[in-house]
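Dropping start.txt in here (compact mmCIF, C-alpha atoms):
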# COMPACT_ATOMS: atom_id res chain seq x y z
CA MET A 1 -20.65 -8.82 -10.05
CA THR A 2 -18.48 -11.00 -7.79
CA ALA A 3 -19.80 -11.00 -4.23
CA PHE A 4 -17.28 -10.84 -1.40
CA ASP A 5 -18.91 -12.81 1.38
CA PHE A 6 -17.72 -12.29 4.95
CA SER A 7 -20.54 -14.22 6.63
CA ALA A 8 -18.10 -16.91 7.81
CA LEU A 9 -16.65 -14.40 10.25
CA GLY A 10 -19.71 -14.49 12.46
CA PHE A 11 -19.78 -10.71 12.80
CA ALA A 12 -20.60 -7.83 10.50
CA VAL A 13 -18.21 -6.17 8.07
CA ARG A 14 -19.05 -2.63 6.97
CA ARG A 15 -21.04 -2.92 3.74
CA ASP A 16 -18.85 -0.46 1.84
CA ILE A 17 -15.87 -2.82 2.13
CA PRO A 18 -17.25 -5.78 0.14
CA GLU A 19 -18.90 -3.33 -2.25
CA ALA A 20 -15.57 -1.67 -3.01
CA TYR A 21 -13.81 -5.02 -3.36
CA SER A 22 -16.49 -6.38 -5.71
CA ALA A 23 -16.30 -3.25 -7.87
CA TYR A 24 -12.51 -3.61 -8.09
CA TRP A 25 -12.79 -7.28 -9.09
CA GLU A 26 -14.88 -6.13 -12.08
CA VAL A 27 -12.22 -3.59 -13.05
CA LEU A 28 -9.44 -6.13 -12.54
CA ALA A 29 -11.01 -8.60 -14.99
CA ALA A 30 -11.44 -6.03 -17.79
CA PRO A 31 -8.80 -4.77 -20.25
CA GLY A 32 -6.76 -1.92 -18.84
CA ASN A 33 -4.64 0.72 -20.50
CA TRP A 34 -1.61 -1.52 -21.12
CA TRP A 35 -2.65 -5.07 -20.24
CA THR A 36 -5.49 -7.35 -21.38
CA GLY A 37 -7.98 -8.82 -18.92
CA PRO A 38 -6.23 -12.22 -18.87
CA GLU A 39 -2.87 -10.49 -18.30
CA ARG A 40 -4.26 -8.37 -15.47
CA VAL A 41 -5.71 -11.42 -13.71
CA ALA A 42 -2.42 -13.28 -14.28
CA ILE A 43 -0.57 -10.37 -12.62
CA ALA A 44 -2.94 -10.65 -9.66
CA ASP A 45 -2.29 -14.40 -9.49
CA ALA A 46 1.47 -13.81 -9.62
CA SER A 47 1.15 -11.42 -6.67
CA ARG A 48 -0.26 -14.32 -4.66
CA GLU A 49 2.45 -16.73 -5.81
CA ALA A 50 5.12 -14.28 -4.67
CA LEU A 51 4.34 -15.15 -1.07
CA SER A 52 5.43 -18.76 -1.57
CA CYS A 53 8.35 -18.07 -3.93
CA GLU A 54 11.57 -19.62 -2.61
CA PHE A 55 13.74 -17.41 -4.78
CA CYS A 56 12.13 -14.32 -3.21
CA VAL A 57 13.05 -15.65 0.24
CA LEU A 58 16.68 -16.15 -0.82
CA ARG A 59 16.88 -12.72 -2.44
CA LYS A 60 15.37 -10.98 0.56
CA GLN A 61 18.11 -12.53 2.72
CA SER A 62 20.85 -11.42 0.33
CA LEU A 63 22.75 -8.18 0.96
CA SER A 64 22.04 -7.15 -2.62
CA ALA A 65 18.89 -7.69 -4.67
CA TYR A 66 21.26 -8.92 -7.37
CA GLY A 67 23.39 -11.08 -5.07
CA VAL A 68 21.66 -14.37 -5.83
CA ASN A 69 20.57 -16.08 -9.01
CA GLY A 70 17.41 -18.08 -9.37
CA ILE A 71 14.00 -18.42 -10.92
CA HIS A 72 10.74 -17.16 -9.47
CA LYS A 73 7.79 -19.41 -8.84
CA ASN A 74 5.72 -18.83 -11.96
CA SER A 75 2.83 -21.07 -12.93
CA GLY A 76 1.18 -18.49 -15.18
CA PRO A 77 1.68 -17.08 -18.69
CA LEU A 78 3.69 -13.96 -17.75
CA SER A 79 7.31 -13.43 -18.78
CA GLY A 80 10.09 -13.76 -16.23
CA ARG A 81 10.68 -10.01 -16.30
CA VAL A 82 7.06 -9.25 -15.48
CA VAL A 83 6.93 -11.86 -12.72
CA ASP A 84 10.15 -10.45 -11.26
CA ALA A 85 8.57 -6.99 -11.06
CA VAL A 86 5.44 -8.39 -9.43
CA HIS A 87 7.38 -10.40 -6.86
CA ARG A 88 9.70 -7.53 -6.00
CA ILE A 89 6.76 -5.26 -5.24
CA ILE A 90 5.38 -7.85 -2.83
CA THR A 91 8.53 -9.21 -1.19
CA ASP A 92 11.42 -6.76 -1.69
CA GLN A 93 9.85 -3.41 -2.48
CA ASN A 94 12.30 -1.14 -0.73
CA ARG A 95 15.16 -2.23 -2.99
CA ILE A 96 13.40 -1.21 -6.21
CA THR A 97 15.48 1.46 -7.94
CA GLN A 98 15.35 3.84 -10.86
CA THR A 99 17.82 1.56 -12.63
CA PHE A 100 15.47 -1.40 -12.22
CA VAL A 101 12.53 0.50 -13.70
CA ASP A 102 14.64 1.95 -16.53
CA ASP A 103 16.13 -1.43 -17.38
CA ASN A 104 12.67 -2.97 -17.56
CA ALA A 105 11.50 -0.11 -19.78
CA ALA A 106 14.42 -0.72 -22.14
CA ASN A 107 13.52 -4.39 -22.34
CA GLY A 108 9.82 -4.40 -23.03
CA LEU A 109 8.13 -3.50 -19.73
CA SER A 110 7.31 0.15 -20.38
CA LYS A 111 6.93 2.60 -17.53
CA ALA A 112 3.20 2.89 -18.21
CA ALA A 113 2.80 -0.90 -18.18
CA TYR A 114 4.85 -1.02 -14.97
CA VAL A 115 2.60 1.56 -13.32
CA GLU A 116 -0.54 -0.37 -14.24
CA LEU A 117 1.14 -3.53 -12.94
CA VAL A 118 2.01 -1.80 -9.66
CA GLY A 119 -1.61 -0.72 -9.33
CA ILE A 120 -2.91 -4.26 -9.79
CA VAL A 121 -0.35 -5.83 -7.48
CA VAL A 122 -0.77 -3.45 -4.57
CA THR A 123 -4.55 -3.25 -4.79
CA VAL A 124 -5.06 -7.01 -4.93
CA PHE A 125 -2.46 -7.44 -2.19
CA SER A 126 -4.30 -5.06 0.11
CA ILE A 127 -7.60 -6.85 -0.46
CA ASP A 128 -5.90 -10.17 0.24
CA GLU A 129 -4.21 -8.77 3.34
CA PHE A 130 -7.59 -7.76 4.73
CA ASN A 131 -8.79 -11.36 4.40
CA ARG A 132 -5.59 -12.74 5.91
CA ALA A 133 -5.85 -10.29 8.80
CA LEU A 134 -9.32 -11.58 9.59
CA GLY A 135 -8.34 -15.22 9.09
CA ILE A 136 -10.55 -15.99 6.10
CA SER A 137 -9.83 -17.52 2.69
CA LEU A 138 -8.77 -15.37 -0.24
CA GLN A 139 -11.41 -14.46 -2.78
CA PRO A 140 -11.04 -16.45 -6.03
CA LEU A 141 -9.75 -14.23 -8.82
CA PRO A 142 -12.32 -13.12 -11.41
CA GLU A 143 -12.77 -14.60 -14.88
CA PRO A 144 -10.95 -12.31 -17.33
CA LYS A 145 -12.99 -10.37 -19.85
CA PRO A 146 -12.05 -10.15 -23.52
CA GLY A 147 -10.84 -7.01 -25.25
CA GLU A 148 -7.75 -5.00 -25.98
CA PRO A 149 -5.96 -2.38 -23.83
CA SER A 150 -6.61 1.26 -24.69
CA PHE A 151 -2.92 2.31 -24.72
CA GLU A 152 -4.08 5.72 -23.53
CA LEU A 153 -1.79 8.22 -21.78
CA PRO A 154 -2.71 11.43 -19.95
CA ASP A 155 -2.20 14.60 -21.99
CA ALA A 156 0.30 16.36 -19.74
CA LEU A 157 3.06 14.53 -17.89
CA VAL A 158 6.11 15.60 -15.91
CA GLU A 159 9.16 13.84 -14.50
CA ASP A 160 9.63 15.72 -11.22
CA MET A 161 9.61 12.86 -8.70
CA GLY A 162 10.04 9.11 -8.46
CA PHE A 163 10.86 6.59 -11.15
CA VAL A 164 8.07 7.31 -13.63
CA PRO A 165 6.29 10.27 -15.23
CA THR A 166 3.18 11.58 -13.47
CA ILE A 167 0.44 14.10 -14.05
CA PRO A 168 1.72 17.42 -12.65
CA ALA A 169 0.35 18.65 -9.32
CA HIS A 170 -1.78 21.27 -11.09
CA GLY A 171 -2.81 18.89 -13.86
CA ALA A 172 -5.85 17.09 -12.45
CA THR A 173 -8.19 18.53 -15.06
CA GLY A 174 -10.49 17.35 -17.84
CA LYS A 175 -10.91 13.56 -17.88
CA ASN A 176 -8.67 13.31 -14.84
CA ALA A 177 -10.25 16.05 -12.75
CA ASP A 178 -11.25 13.42 -10.19
CA SER A 179 -7.63 12.41 -9.56
CA TRP A 180 -7.15 14.65 -6.52
CA VAL A 181 -8.54 17.67 -4.75
CA PRO A 182 -6.95 20.85 -6.15
CA GLY A 183 -4.14 21.99 -3.87
CA SER A 184 -3.66 18.61 -2.17
CA ALA A 185 -1.68 16.60 -4.69
CA ALA A 186 0.52 14.64 -2.29
CA ASN A 187 3.23 12.63 -4.03
CA VAL A 188 1.55 9.34 -3.17
CA VAL A 189 -1.69 10.51 -4.76
CA ARG A 190 0.17 11.39 -7.97
CA ALA A 191 2.31 8.24 -7.88
CA LEU A 192 0.31 6.08 -10.32
CA SER A 193 -1.21 8.93 -12.33
CA LEU A 194 0.64 7.89 -15.48
CA VAL A 195 -2.23 5.38 -15.63
CA PRO A 196 -5.13 7.29 -14.04
CA ASP A 197 -7.33 4.20 -13.77
CA ALA A 198 -4.62 2.49 -11.70
CA ALA A 199 -4.73 5.43 -9.29
CA ARG A 200 -8.52 5.37 -9.21
CA GLY A 201 -8.46 1.65 -8.40
CA TRP A 202 -6.41 1.93 -5.24
CA GLN A 203 -8.08 5.15 -4.14
CA GLN A 204 -11.50 3.51 -4.19
CA ILE A 205 -10.23 0.64 -2.05
CA ALA A 206 -8.49 3.11 0.28
CA GLY A 207 -11.80 4.90 0.75
CA ALA A 208 -13.25 1.71 2.22
CA GLN A 209 -10.23 0.34 4.08
CA TYR A 210 -8.94 3.64 5.46
CA LEU A 211 -10.34 7.01 4.38
CA SER A 212 -11.29 8.75 1.16
CA LEU A 213 -9.10 11.63 -0.03
CA GLN A 214 -11.74 14.01 1.36
CA GLY A 215 -12.09 11.99 4.55
CA MET A 216 -8.38 12.36 5.26
CA GLN A 217 -9.02 16.00 6.10
CA ASN A 218 -10.87 14.84 9.24
CA LEU A 219 -8.21 14.43 11.91
CA VAL A 220 -10.60 13.36 14.66
CA GLN A 221 -12.91 10.51 13.62
CA ASP A 222 -14.95 9.57 10.56
CA ASP A 223 -18.63 8.96 11.40
CA ASN A 224 -18.53 5.60 9.60
CA ARG A 225 -15.52 4.24 11.52
CA SER A 226 -15.25 2.58 14.93
CA ILE A 227 -11.66 3.75 15.44
CA ASN A 228 -10.51 7.34 15.63
CA ARG A 229 -7.77 8.94 13.58
CA MET A 230 -5.07 8.44 16.19
CA GLN A 231 -5.84 4.73 16.32
CA MET A 232 -5.71 4.61 12.52
CA GLU A 233 -2.40 6.42 12.37
CA LEU A 234 -0.85 4.19 15.04
CA ILE A 235 -1.70 1.20 12.84
CA ALA A 236 -0.45 3.00 9.73
CA GLY A 237 2.79 3.97 11.43
CA ARG A 238 3.51 0.50 12.76
CA VAL A 239 2.86 -1.15 9.38
CA SER A 240 5.10 1.41 7.67
CA ALA A 241 7.87 0.99 10.24
CA VAL A 242 7.90 -2.80 9.98
CA ASN A 243 8.11 -2.42 6.19
CA GLU A 244 10.96 0.08 6.67
CA CYS A 245 9.09 2.62 4.59
CA PHE A 246 10.48 6.12 4.96
CA TYR A 247 7.54 7.73 3.16
CA MET B 1 3.48 12.56 11.14
CA MET B 2 -0.30 12.06 10.93
CA LEU B 3 -0.36 10.43 14.38
CA ARG B 4 1.20 13.49 15.94
CA THR B 5 -1.01 15.82 13.90
CA SER B 6 -4.20 14.03 14.90
CA ALA B 7 -3.06 13.96 18.55
CA MET B 8 -2.40 17.71 18.44
CA THR B 9 -5.83 18.28 16.90
CA THR B 10 -7.53 16.48 19.79
CA ASP B 11 -5.08 17.80 22.39
CA THR B 12 -4.04 14.26 23.31
CA GLU B 13 -0.66 13.23 24.61
CA VAL B 14 0.75 10.29 22.66
CA ASP B 15 4.15 8.59 22.58
CA LEU B 16 5.46 7.99 19.07
CA GLN B 17 7.64 5.11 20.25
CA GLY B 18 4.50 3.03 19.84
CA VAL B 19 5.14 3.20 16.12
CA VAL B 20 8.44 1.37 16.56
CA GLY B 21 6.93 -1.38 18.67
CA ASN B 22 6.81 -0.22 22.31
CA LYS B 23 3.51 -1.46 23.76
CA THR B 24 3.45 0.92 26.69
CA SER B 25 4.03 3.85 24.37
CA ALA B 26 1.35 2.62 21.98
CA ALA B 27 -1.18 2.62 24.81
CA THR B 28 -0.38 6.19 25.85
CA GLY B 29 -3.39 8.32 24.96
CA ILE B 30 -4.77 5.79 22.46
CA ALA B 31 -7.61 3.43 23.32
CA TYR B 32 -6.59 -0.21 22.70
CA GLY B 33 -3.26 1.16 21.52
CA ALA B 34 -1.19 -1.85 22.58
CA GLU B 35 -3.60 -4.30 20.95
CA LEU B 36 -3.86 -2.25 17.76
CA MET B 37 -0.09 -1.91 17.51
CA SER B 38 0.44 -5.67 17.99
CA PHE B 39 -2.20 -6.50 15.39
CA ALA B 40 -0.67 -4.08 12.86
CA GLU B 41 2.81 -5.42 13.52
CA SER B 42 1.78 -9.05 13.04
CA ILE B 43 0.10 -8.27 9.71
CA ALA B 44 3.12 -6.38 8.42
CA LEU B 45 5.44 -9.19 9.55
CA ARG B 46 3.08 -11.69 7.90
CA ASP B 47 3.51 -14.13 10.77
CA GLU B 48 0.51 -16.48 10.90
CA HIS B 49 0.88 -17.39 14.58
CA SER B 50 1.15 -13.81 15.80
CA ILE B 51 -1.70 -12.69 13.54
CA VAL B 52 -4.02 -15.20 15.20
CA GLU B 53 -2.82 -14.23 18.67
CA SER B 54 -3.05 -10.48 18.13
CA ARG B 55 -6.39 -10.76 16.33
CA ASP B 56 -7.88 -12.70 19.23
CA GLY B 57 -6.45 -10.17 21.66
CA LEU B 58 -7.89 -7.19 19.80
CA LEU B 59 -11.26 -8.87 19.32
CA ALA B 60 -11.53 -9.68 23.03
CA ALA B 61 -10.49 -6.19 24.08
CA ALA B 62 -12.28 -3.99 21.57
CA GLY B 63 -14.88 -6.04 19.70
CA PRO B 64 -15.52 -6.92 16.07
CA ALA B 65 -16.16 -3.44 14.67
CA VAL B 66 -12.76 -2.22 15.83
CA LEU B 67 -11.13 -5.41 14.54
CA VAL B 68 -12.64 -4.95 11.08
CA ASP B 69 -11.62 -1.30 10.84
CA ALA B 70 -8.13 -2.08 12.12
CA ALA B 71 -7.74 -4.86 9.53
CA GLY B 72 -8.78 -2.41 6.84
CA VAL B 73 -6.25 0.23 7.87
CA ALA B 74 -3.42 -2.29 8.17
CA ALA B 75 -4.25 -3.77 4.76
CA ASN B 76 -4.40 -0.28 3.31
CA PHE B 77 -0.89 0.55 4.49
CA GLN B 78 0.49 -2.77 3.31
CA ARG B 79 -0.48 -1.32 -0.06
CA MET B 80 0.67 2.26 0.48
CA VAL B 81 4.22 1.36 1.48
CA ARG B 82 4.52 -0.64 -1.72
CA ILE B 83 3.24 2.21 -3.87
CA ALA B 84 5.75 4.57 -2.27
CA ASP B 85 8.72 2.23 -2.66
CA SER B 86 7.93 0.81 -6.09
CA ILE B 87 7.60 4.33 -7.50
CA GLY B 88 10.49 5.80 -5.44
CA LEU B 89 8.45 8.58 -3.90
CA PRO B 90 10.18 11.38 -2.03
CA PHE B 91 8.42 12.49 1.16
CA ASP B 92 6.43 15.68 0.64
CA TYR B 93 7.24 17.65 3.77
CA MET B 94 10.97 17.24 4.28
CA ASP B 95 11.39 20.93 5.20
CA SER B 96 8.93 20.70 8.10
CA THR B 97 10.53 21.01 11.53
CA MET B 98 7.94 18.63 13.01
CA VAL B 99 8.72 16.04 10.33
CA GLN B 100 12.45 16.33 10.97
CA GLU B 101 11.89 15.87 14.70
CA ILE B 102 9.81 12.75 14.12
CA GLN B 103 12.35 11.30 11.70
CA GLN B 104 15.06 11.88 14.30
CA GLU B 105 13.02 10.50 17.21
CA LEU B 106 12.11 7.31 15.37
CA GLY B 107 15.41 6.90 13.51
CA LEU B 108 13.66 6.71 10.15
CA LYS B 109 16.68 7.81 8.10
CA ARG B 110 18.17 4.35 8.60
CA PHE B 111 15.59 2.95 6.18
CA ALA B 112 16.93 2.26 2.69
CA SER B 113 13.94 3.99 1.12
CA SER B 114 14.98 7.29 2.70
CA ARG B 115 17.31 7.68 -0.29
CA HIS B 116 14.31 8.89 -2.31
CA SER B 117 13.91 11.89 -0.01
CA LEU B 118 17.38 12.77 1.31
CA HIS B 119 20.22 14.62 -0.32
CA PRO B 120 23.29 12.39 -0.88
CA ASP B 121 25.16 14.00 2.04
CA GLU B 122 22.30 13.45 4.52
CA GLY B 123 21.29 10.44 6.53

Can the structure in the file be given as structure tokens, please?
Amino acid sequence: MTAFDFSALGFAVRRDIPEAYSAYWEVLAAPGNWWTGPERVAIADASREALSCEFCVLRKQSLSAYGVNGIHKNSGPLSGRVVDAVHRIITDQNRITQTFVDDNAANGLSKAAYVELVGIVVTVFSIDEFNRALGISLQPLPEPKPGEPSFELPDALVEDMGFVPTIPAHGATGKNADSWVPGSAANVVRALSLVPDAARGWQQIAGAQYLSLQGMQNLVQDDNRSINRMQMELIAGRVSAVNECFY
Amino acid sequence: MMLRTSAMTTDTEVDLQGVVGNKTSAATGIAYGAELMSFAESIALRDEHSIVESRDGLLAAAGPAVLVDAAGVAANFQRMVRIADSIGLPFDYMDSTMVQEIQQELGLKRFASSRHSLHPDEG
């Protein structure tokens, strides 16, 4: 398993953080539901390239996401359409629309593949952001593992919110019984449930970086944290506000 | 919303204007609030110079354990905002009076992503 080493910091990092990151790196390298291991790692690499993509800078400055033409920085094997989705999630996420997702689906990037892609991009991005916040180098991406995607979908799906189908609020049962606590299926928890492993991936990282789904019920302070819930929510609120996220 | 809820739970007076960048407000009722807010802001803005400055400030004021946990929370929400926007999530509690008050106080309906939660004639 890849070891995330924070010894260069000169102070301790809670052990559960590198453990969660290392476990995710293993998952990232393996075939998913809709992408192979090499494709998943290439998506992760593209998420890093987005931050130095000149076309993304131009588009972000444009009044419309479609107001400028150009080509994304893309040194990997992914198609332009896939790279565009990856870069938008990193650099221009609040102008993603239903039309964008539908158009991709009609042109080869299915909604399920998009959801798995979102899961990879945001989870790798959050791990990278942790390193950047602490001023240390990014972890090298893992070596991809061979194998084919499972192309597996959950049994029951609904289209009652957002751009993609999800497991219904009462549908966390059977193989997906671990998806959320019954009665607390917030929209964000259901968001990536079209690909349950994508949801599991970010939730496991969230449990180390922030709080587990169960831990969120504690509004005072988690025993394993040095900041209380108000301090956490001040940080959360400021990050959300700067990103102009209404949710 | 969770900031106000956690403050109510602990019977603490906070000023939500800290969320929109007011340092004095951020420090009201929250230990190291100004430093935490500046650190979070610099990470979300992705400005290398201000990240270094705010990180050093938080480390000096609160120590490494707080810095590590703050980095984790900020990184977590850099992810969560992107999940919400890339999937077009509507906010869950739009009928809540407290939520509506917070949205009004902070002017959140000006954000483009509010379109996922508002009726066409709102906002």

Residue nearest chain A among B:Arg115, B:Arg79, B:Arg110, B:Arg46 (counting all atoms listed in the file):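 Of B:Arg115, B:Arg79, B:Arg110, B:Arg46, the one nearest chain A, counting all atoms listed in the file, is B:Arg79.
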
Spatial neighbours of B:Glu41, 8 Å, only C-alpha atoms, chain gap at least 3 places, as a PyMOL selection string: (chain A and resi 238-239+242) or (chain B and resi 21+37-38+44-45)

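Using all atoms listed in the file for every distance, the candidate list A:Ser126, A:Gln221, A:Ser212, A:Asn104 yields A:Ser126 as the residue closest to chain B.
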
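Residues with at least one atom no more than 12 Å from (4.8, 16.8, 2.0), using all atoms listed in the file, are A:Gly183, A:Ser184, A:Ala185, A:Ala186, A:Asn187, A:Val188, A:Val189, A:Tyr247, B:Met1, B:Met2, B:Leu89, B:Pro90, B:Phe91, B:Asp92, B:Tyr93, B:Met94, B:Asp95, B:Ser96, B:Thr97, B:Met98, B:Val99, B:Gln100, B:Ser117.
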
Residue hits in chain B, query chain A, radius 6 Å, all atoms listed in the file, as a PyMOL selection string: chain B and resi 3+6+19+37+40-41+44+66+71-73+75-77+79+81+85-89+91+111+113-114

Can you write out the residues you just picked, keeping C-alpha atoms, as a PDB file, in the coordinates of the input?
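Written out: selection_14.pdb:
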ATOM      1  CA  LEU B   3      -0.360  10.430  14.380  1.00  0.00           C
ATOM      2  CA  SER B   6      -4.200  14.030  14.900  1.00  0.00           C
ATOM      3  CA  VAL B  19       5.140   3.200  16.120  1.00  0.00           C
ATOM      4  CA  MET B  37      -0.090  -1.910  17.510  1.00  0.00           C
ATOM      5  CA  ALA B  40      -0.670  -4.080  12.860  1.00  0.00           C
ATOM      6  CA  GLU B  41       2.810  -5.420  13.520  1.00  0.00           C
ATOM      7  CA  ALA B  44       3.120  -6.380   8.420  1.00  0.00           C
ATOM      8  CA  VAL B  66     -12.760  -2.220  15.830  1.00  0.00           C
ATOM      9  CA  ALA B  71      -7.740  -4.860   9.530  1.00  0.00           C
ATOM     10  CA  GLY B  72      -8.780  -2.410   6.840  1.00  0.00           C
ATOM     11  CA  VAL B  73      -6.250   0.230   7.870  1.00  0.00           C
ATOM     12  CA  ALA B  75      -4.250  -3.770   4.760  1.00  0.00           C
ATOM     13  CA  ASN B  76      -4.400  -0.280   3.310  1.00  0.00           C
ATOM     14  CA  PHE B  77      -0.890   0.550   4.490  1.00  0.00           C
ATOM     15  CA  ARG B  79      -0.480  -1.320  -0.060  1.00  0.00           C
ATOM     16  CA  VAL B  81       4.220   1.360   1.480  1.00  0.00           C
ATOM     17  CA  ASP B  85       8.720   2.230  -2.660  1.00  0.00           C
ATOM     18  CA  SER B  86       7.930   0.810  -6.090  1.00  0.00           C
ATOM     19  CA  ILE B  87       7.600   4.330  -7.500  1.00  0.00           C
ATOM     20  CA  GLY B  88      10.490   5.800  -5.440  1.00  0.00           C
ATOM     21  CA  LEU B  89       8.450   8.580  -3.900  1.00  0.00           C
ATOM     22  CA  PHE B  91       8.420  12.490   1.160  1.00  0.00           C
ATOM     23  CA  PHE B 111      15.590   2.950   6.180  1.00  0.00           C
ATOM     24  CA  SER B 113      13.940   3.990   1.120  1.00  0.00           C
ATOM     25  CA  SER B 114      14.980   7.290   2.700  1.00  0.00           C
TER      26      SER B 114
END

Residue contacts of B:Ala34 (7 Å, all atoms listed in the file) excluding same-chain residues fewer than 6 positions away, as a list in words: Lys23, Thr24, Ala26 and Ala27 of chain B

Store the residues picked out above, limited to C-alpha atoms, as a JSON list (two decimals), in the coordinates of the input.
[["chain", "number", "residue", "atom", "x", "y", "z"],
["B", 23, "LYS", "CA", 3.51, -1.46, 23.76],
["B", 24, "THR", "CA", 3.45, 0.92, 26.69],
["B", 26, "ALA", "CA", 1.35, 2.62, 21.98],
["B", 27, "ALA", "CA", -1.18, 2.62, 24.81]]

Shell around B:Gly57 at 12 Å using only C-alpha atoms, local window under 3 positions removed, as a ChimeraX atom specification: /B:32-39,42,50-54,60-64,66-67

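As for atom CA of A:Gly171 and atom CA of A:Ala20, they are spaced 26.5 Å apart.
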
Residue nearest A:Ile120 - candidates B:Val68, B:Leu16, B:Leu58, B:Ile83, atoms counted: all atoms listed in the file: B:Ile83

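Across the structure, atom CA of A:His87 and atom CA of A:Ser75 are spaced 13.1 Å apart.
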
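Checking A:Ser22, A:Arg15, A:Asn69, A:Ser52 one by one against B:Ala65, counting all atoms listed in the file, you find the shortest gap at A:Arg15.
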
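Rounded to one decimal, atom CA of A:Ala177 and atom CA of A:Trp35 lie 23.7 Å from each other.
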
Using only C-alpha atoms: which of A:Gln214, A:Ser110, A:Asn74, A:Ser47 has the shortest distance to A:Val195: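 Among the listed residues, A:Ser110 lies closest to A:Val195.
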
Exercise: B:Glu13 partners within 10 Å, only C-alpha atoms, chain neighbours under 4 positions left out, as a compact mmCIF listing (two decimals) with C-alpha atoms, keeping the file's coordinate frame:
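Now in selection.txt:
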# COMPACT_ATOMS: atom_id res chain seq x y z
CA ARG B 4 1.20 13.49 15.94
CA ALA B 7 -3.06 13.96 18.55
CA MET B 8 -2.40 17.71 18.44
CA THR B 28 -0.38 6.19 25.85
CA GLY B 29 -3.39 8.32 24.96
CA ILE B 30 -4.77 5.79 22.46

Exercise on stretch 52-56 of chain A, axis-aligned box with 5 Å per side, report centre and edge lengths in Å to one decimal, as lines of an AutoDock Vina configuration file:
center_x = 9.6
center_y = -17.0
center_z = -3.2
size_x = 18.3
size_y = 15.3
size_z = 13.2

Please complete stretch 65-79 of chain B so it has N, CA and C atoms, and hand it over as a PDB file, keeping the file's coordinate frame.
ATOM      1  N   ALA B  65     -16.171  -4.631  15.528  1.00  0.00           N
ATOM      2  CA  ALA B  65     -16.160  -3.440  14.670  1.00  0.00           C
ATOM      3  C   ALA B  65     -14.777  -2.815  14.623  1.00  0.00           C
ATOM      4  N   VAL B  66     -14.134  -2.752  15.777  1.00  0.00           N
ATOM      5  CA  VAL B  66     -12.760  -2.220  15.830  1.00  0.00           C
ATOM      6  C   VAL B  66     -11.806  -3.154  15.079  1.00  0.00           C
ATOM      7  N   LEU B  67     -11.989  -4.458  15.251  1.00  0.00           N
ATOM      8  CA  LEU B  67     -11.130  -5.410  14.540  1.00  0.00           C
ATOM      9  C   LEU B  67     -11.235  -5.225  13.029  1.00  0.00           C
ATOM     10  N   VAL B  68     -12.439  -5.103  12.535  1.00  0.00           N
ATOM     11  CA  VAL B  68     -12.640  -4.950  11.080  1.00  0.00           C
ATOM     12  C   VAL B  68     -11.987  -3.664  10.595  1.00  0.00           C
ATOM     13  N   ASP B  69     -12.206  -2.577  11.286  1.00  0.00           N
ATOM     14  CA  ASP B  69     -11.620  -1.300  10.840  1.00  0.00           C
ATOM     15  C   ASP B  69     -10.095  -1.328  10.947  1.00  0.00           C
ATOM     16  N   ALA B  70      -9.594  -1.973  11.973  1.00  0.00           N
ATOM     17  CA  ALA B  70      -8.130  -2.080  12.120  1.00  0.00           C
ATOM     18  C   ALA B  70      -7.539  -2.929  11.000  1.00  0.00           C
ATOM     19  N   ALA B  71      -8.210  -4.011  10.642  1.00  0.00           N
ATOM     20  CA  ALA B  71      -7.740  -4.860   9.530  1.00  0.00           C
ATOM     21  C   ALA B  71      -7.720  -4.059   8.242  1.00  0.00           C
ATOM     22  N   GLY B  72      -8.737  -3.232   8.050  1.00  0.00           N
ATOM     23  CA  GLY B  72      -8.780  -2.410   6.840  1.00  0.00           C
ATOM     24  C   GLY B  72      -7.624  -1.429   6.776  1.00  0.00           C
ATOM     25  N   VAL B  73      -7.341  -0.762   7.872  1.00  0.00           N
ATOM     26  CA  VAL B  73      -6.250   0.230   7.870  1.00  0.00           C
ATOM     27  C   VAL B  73      -4.904  -0.458   7.670  1.00  0.00           C
ATOM     28  N   ALA B  74      -4.698  -1.572   8.340  1.00  0.00           N
ATOM     29  CA  ALA B  74      -3.420  -2.290   8.170  1.00  0.00           C
ATOM     30  C   ALA B  74      -3.261  -2.764   6.727  1.00  0.00           C
ATOM     31  N   ALA B  75      -4.313  -3.314   6.159  1.00  0.00           N
ATOM     32  CA  ALA B  75      -4.250  -3.770   4.760  1.00  0.00           C
ATOM     33  C   ALA B  75      -3.983  -2.597   3.828  1.00  0.00           C
ATOM     34  N   ASN B  76      -4.603  -1.482   4.128  1.00  0.00           N
ATOM     35  CA  ASN B  76      -4.400  -0.280   3.310  1.00  0.00           C
ATOM     36  C   ASN B  76      -2.930   0.138   3.286  1.00  0.00           C
ATOM     37  N   PHE B  77      -2.287   0.095   4.444  1.00  0.00           N
ATOM     38  CA  PHE B  77      -0.890   0.550   4.490  1.00  0.00           C
ATOM     39  C   PHE B  77       0.089  -0.516   4.018  1.00  0.00           C
ATOM     40  N   GLN B  78      -0.321  -1.769   4.008  1.00  0.00           N
ATOM     41  CA  GLN B  78       0.490  -2.770   3.310  1.00  0.00           C
ATOM     42  C   GLN B  78       0.558  -2.419   1.819  1.00  0.00           C
ATOM     43  N   ARG B  79      -0.500  -1.796   1.321  1.00  0.00           N
ATOM     44  CA  ARG B  79      -0.480  -1.320  -0.060  1.00  0.00           C
ATOM     45  C   ARG B  79       0.318  -0.030  -0.209  1.00  0.00           C
TER      46      ARG B  79
END
